[in-house]
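**Q** The structure is given below, and queries will be raised subsequently.
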Amino acid sequence: MATQQKTFEKLLLESIDKALDSLGESARQSIYFHLQSKFKITKQDIPQHLEDFENGLEKIFGLGAQFLEILIMKDLYTKIGHPLEWKEGHPLEFVEYVKTAKQSFLEGSKECQ
């Protein structure tokens, strides 16, 4: 199970990289720098500190953080092989979507064993 946890964390970090990369390489590096210097979150720590990561993005981008969060979630759900079921008009809860994706991924991994 620990290996599946690490696999999920790797997929999450890849999805975050891809979303931040949509802003450009230098912007991605700058965001990681600010997350580490101002919010004490290293890239590798993000999966264990999702709330802090979300708060950091919101402080950096304001409402624009939701755009990045949606990109992250869409890519993550594609990577784990589950469609992202997001209901229009419902508040975006990034941390909850990631937790749901993780649970779904880990349960799917159990079924394959």
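How things are named: the first chain in the structure tokens is A, the next is B, and so on; residues count from 1 in each chain; ligands count from 1 in the order shown.
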Might you pull out every residue within 12 Å of A:Thr42, with only C-alpha atoms counted and same-chain residues fewer than 5 positions away left off, and present them as a ChimeraX atom specification?

**A** /A:13,29,31-37,47-50,52-53,56

**Q** Take the residues from that selection and write them out as an mmCIF file, in the first residue's frame, keeping C-alpha atoms.

**A**
```
data_model
loop_
_atom_site.group_PDB
_atom_site.id
_atom_site.type_symbol
_atom_site.label_atom_id
_atom_site.label_comp_id
_atom_site.auth_asym_id
_atom_site.auth_seq_id
_atom_site.Cartn_x
_atom_site.Cartn_y
_atom_site.Cartn_z
ATOM 1 C CA LEU A 13 3.211 16.268 -8.292
ATOM 2 C CA GLN A 29 10.052 27.901 -10.805
ATOM 3 C CA ILE A 31 5.879 29.725 -7.763
ATOM 4 C CA TYR A 32 7.809 26.845 -6.202
ATOM 5 C CA PHE A 33 10.331 29.362 -4.840
ATOM 6 C CA HIS A 34 7.571 31.488 -3.262
ATOM 7 C CA LEU A 35 5.824 28.437 -1.833
ATOM 8 C CA GLN A 36 9.066 27.406 -0.184
ATOM 9 C CA SER A 37 10.273 30.813 0.982
ATOM 10 C CA PRO A 47 1.105 15.966 -1.043
ATOM 11 C CA GLN A 48 1.318 16.029 2.775
ATOM 12 C CA HIS A 49 0.402 19.736 3.003
ATOM 13 C CA LEU A 50 -2.424 20.185 0.495
ATOM 14 C CA ASP A 52 -1.060 24.903 2.858
ATOM 15 C CA PHE A 53 -0.387 24.480 -0.869
ATOM 16 C CA GLY A 56 -0.279 29.514 -0.892
#
```

**Q** My list of candidates is A:Ala27, A:Leu11, A:Ile16, A:Ile46. Which is closest to A:Glu69 when distances are computed with only C-alpha atoms?

**A** A:Ile16

**Q** Do a neighbour search on A:Ile80 at 12 Å with only C-alpha atoms, toss out local chain neighbours closer than 5 positions, and write the hits as a PyMOL selection string.

**A** chain A and resi 4+7-12+14-15+73-75+98+100-109

**Q** Enumerate the residues of chain A with a DSSP assignment of helix (DSSP H, G or I), computed from the backbone, and present them as number ranges by chain.

**A** A: 2-21, 25-39, 43-48, 50-80, 94-112

**Q** Counting only C-alpha atoms, which residue out of A:Asp45, A:Glu51, A:Asp17, A:Glu93 sits closest to A:Leu76?

**A**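 Selected residue with least distance to A:Leu76: A:Asp17.
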
**Q** Which is closer to A:Lys18 than all the others in A:Lys38, A:Lys79, A:Lys59, A:Lys99, using only C-alpha atoms?

**A** A:Lys79

**Q** Just how far from atom CA of A:Arg28 is atom CA of A:Glu54, in Å to one decimal?

**A**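 So the two atoms, atom CA of A:Glu54 and atom CA of A:Arg28, lie 15.2 Å apart.
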
**Q** In Å, rounded to a single decimal, give me how far atom CA of A:Leu23 is from atom CA of A:Phe39.

**A**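 Atom CA of A:Phe39 sits 20.2 Å away from atom CA of A:Leu23.
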
**Q** Counting only C-alpha atoms, which of A:Asp21, A:Phe94, A:Ile41, A:Pro83 gets nearest to A:Ile70?

**A** A:Phe94

**Q** Measuring atom to atom with only C-alpha atoms, identify which of A:Val95, A:Gln44, A:Glu25, A:Asn55 is nearest to A:Lys6.

**A**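 Residue with the minimum atom-to-atom distance to A:Lys6: A:Gln44.
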
**Q** Rank A:Thr78, A:Ala19, A:Ser30, A:Lys43 by their smallest atom-to-atom distance to A:Gln66, using only C-alpha atoms, and report the top residue only.

**A**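 Going through A:Thr78, A:Ala19, A:Ser30, A:Lys43 one by one, the smallest distance to A:Gln66 is for A:Ala19.
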
**Q** Could you work out how far atom CA of A:Gly81 lies from atom CA of A:Leu63, giving the answer in Å with one decimal?

**A**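 We find that atom CA of A:Leu63 and atom CA of A:Gly81 lie 28.2 Å from each other.
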